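Asker: The structure follows.
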Amino acid sequence: MNLHKLIFTENACYKAGRKITVKGIMVHSTGANNPWLKRYVGPDDGLLGKNQYNNHWNTHHPGGREVCVHGFIGKLADGTIATYQTLPWDHRGWHAGGSANNTHIGFEICEDGLADATYFSKVYKEAVELCVYLCKLYGLTEQNIICHSEGYRKGVASNHGDVMHWFPKHGKSMDTFRADVKLLLNAPVEKEEPKTEQKEETTEYPAKLTAGYYRVRKEWKDSKSQIGAYRVLANAKAAADKNPGTFVFSNDGVAIYPTQEKKEEIFRIHTVVKGDTLWDIAAKYLGNGARYPEIKTLNELKSNTIYSGWKLKIPN
Ligand SMILES: [Zn+2]
């Protein structure tokens, strides 16, 4: 989760200053084709980008309405996905149009055109992670999570269809959502897993579980170099990626990641300084300025303009 905070202190809801005992979470989506957080969250903090209409919700009555939620999930100016907390979590929000305002944290997922599977999967994951975070904070479980339309059926929210007009388009539902929250809630906390061989083999762990660890180390024999032991391969790979020179070892000591292929992808890095051009950098590292398009491609540059401080990968 990429969590940021920008409390809507100008919103009348914030100013009303009422607190709730949090008993649940209500998932909303905005109902408008605008995935950019800056549409709703402002003013610009340097990440959101500027809302040229200044019609974000950090105002007394956004669009003349009494409306305010605890958070938004959507795109930052650079296109990455983030969560913004916009009210203290235990503040009484104005999101449900019903009694759920007295009990539920409400957050909005910014909708796009509803057809983009990549955007959907990213915001869905972000929403799952936000709910896991909030469940831990308030001792809730996945059973305490509903969406707006479910709230309507329970008689605690107004008649809106979100999020069930969207999730099923991508093979998801509130049931899959709750199941995904549950999975993550019950997952072991990776960072707290034992790092030393000694602790790992302690009998507190059933043999079945210890058998399933992916260990991230420099060498199998060098247990002191261990970064961590993970039950989920993807997490072990991520740890190996973050720690160059380490590998993921299966339980029997075989290095399974990075593979040879991956190792070849270790690049030299050039930090751009004032006056650098792509041509010069290509000439310096590749021996031929005309090879600069290779640097552009590798770094996914859209133009030939580069800026001081950028770290460019150099093709091998
Ligand atoms: Zn809603």
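In the structure tokens, chains take the letters A, B, ... in the order shown, each chain's residues start at 1, and ligands count up from 1 in the order shown.
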Could you list, with a cut-off of 6 Å and counting only C-alpha atoms and all ligand atoms, the residues of chain A near ligand 1, each shown with its nearest atom pair and the distance in Å rounded to one decimal, rows sorted by chain and ascending number, as JSON lines?
Answerer:
{"residue": "A:His28", "atom": "CA", "partner": "ligand 1", "partner_atom_place_in_ligand_line": "1 (Zn)", "distance": 4.2}
{"residue": "A:Ser29", "atom": "CA", "partner": "ligand 1", "partner_atom_place_in_ligand_line": "1 (Zn)", "distance": 5.8}
{"residue": "A:His148", "atom": "CA", "partner": "ligand 1", "partner_atom_place_in_ligand_line": "1 (Zn)", "distance": 4.8}
{"residue": "A:Asp162", "atom": "CA", "partner": "ligand 1", "partner_atom_place_in_ligand_line": "1 (Zn)", "distance": 5.4}
Asker: Residues at most 9 Å from A:Glu294, counting only C-alpha atoms, excluding those fewer than 6 positions away in the same chain, as a ChimeraX atom specification?
Answerer: /A:282,314-315
Asker: Which residues are near stretch 108-120 of chain A? Cut-off 8 Å, only C-alpha atoms, ignore same chain within fewer than 3 positions. Put them as a ChimeraX atom specification.
Answerer: /A:27-37,69,71-74,123-124,127,166,169-170
Asker: Any chance you could export the current selection's C-alpha atoms as a PDB file, in the first residue's frame?
Answerer:
ATOM      1  CA  VAL A  27     -15.965   0.401   0.049  1.00  0.00           C
ATOM      2  CA  HIS A  28     -17.136   2.969  -2.485  1.00  0.00           C
ATOM      3  CA  SER A  29     -16.195   3.912  -5.995  1.00  0.00           C
ATOM      4  CA  THR A  30     -16.653   7.371  -7.379  1.00  0.00           C
ATOM      5  CA  GLY A  31     -19.053   6.757 -10.250  1.00  0.00           C
ATOM      6  CA  ALA A  32     -17.158   9.099 -12.575  1.00  0.00           C
ATOM      7  CA  ASN A  33     -14.541   8.398 -15.207  1.00  0.00           C
ATOM      8  CA  ASN A  34     -11.610  10.133 -13.570  1.00  0.00           C
ATOM      9  CA  PRO A  35      -8.906   7.953 -12.026  1.00  0.00           C
ATOM     10  CA  TRP A  36      -6.774  10.912 -10.933  1.00  0.00           C
ATOM     11  CA  LEU A  37      -6.620  11.541  -7.190  1.00  0.00           C
ATOM     12  CA  VAL A  69     -14.910  10.106   3.001  1.00  0.00           C
ATOM     13  CA  GLY A  71      -9.801   8.062   1.962  1.00  0.00           C
ATOM     14  CA  PHE A  72      -9.342   7.823  -1.780  1.00  0.00           C
ATOM     15  CA  ILE A  73      -7.486   5.362  -3.971  1.00  0.00           C
ATOM     16  CA  GLY A  74      -6.417   6.429  -7.447  1.00  0.00           C
ATOM     17  CA  VAL A 123      -6.612  -0.323  -7.251  1.00  0.00           C
ATOM     18  CA  TYR A 124      -8.278  -3.556  -6.138  1.00  0.00           C
ATOM     19  CA  ALA A 127      -8.020  -1.432  -1.543  1.00  0.00           C
ATOM     20  CA  TRP A 166     -17.528  -2.446 -11.546  1.00  0.00           C
ATOM     21  CA  LYS A 169     -16.505  -6.668 -14.987  1.00  0.00           C
ATOM     22  CA  HIS A 170     -13.085  -7.924 -13.897  1.00  0.00           C
TER      23      HIS A 170
END
Asker: Can you tell me how far atom CA of A:Asp175 sits from atom CA of A:Ser149, in Å to one decimal?
Answerer: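 Calculated distance between atom CA of A:Asp175 and atom CA of A:Ser149 is 13.1 Å.
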Asker: Give the answer as one residue: which of A:Cys68, A:Ala239, A:Ala96, A:Leu130 has the shortest atom-to-atom distance to A:Val41, using only C-alpha atoms?
Answerer: A:Cys68
Asker: Residues within 12 Å of A:Val156, please, as a list in words. Count only C-alpha atoms; anything in the same chain fewer than 6 positions from it doesn't count.
Answerer: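 Neighbouring residues, sequence-local ones excluded: Gly24, Met26, His95, Ala96, Gly97, Gly98, Ser99, Ala100, Asn101, Asn102, Thr103, His104, Ile146, Cys147, His148, Ser149 and Glu150 of chain A.
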Asker: Show which residues sit within 9 Å of A:Thr141, as an MDAnalysis selection string. Count only C-alpha atoms, and ignore same-chain residues fewer than 3 positions away.
Answerer: chainID A and resid 24 132 135:136 144:145 178 181:182 185
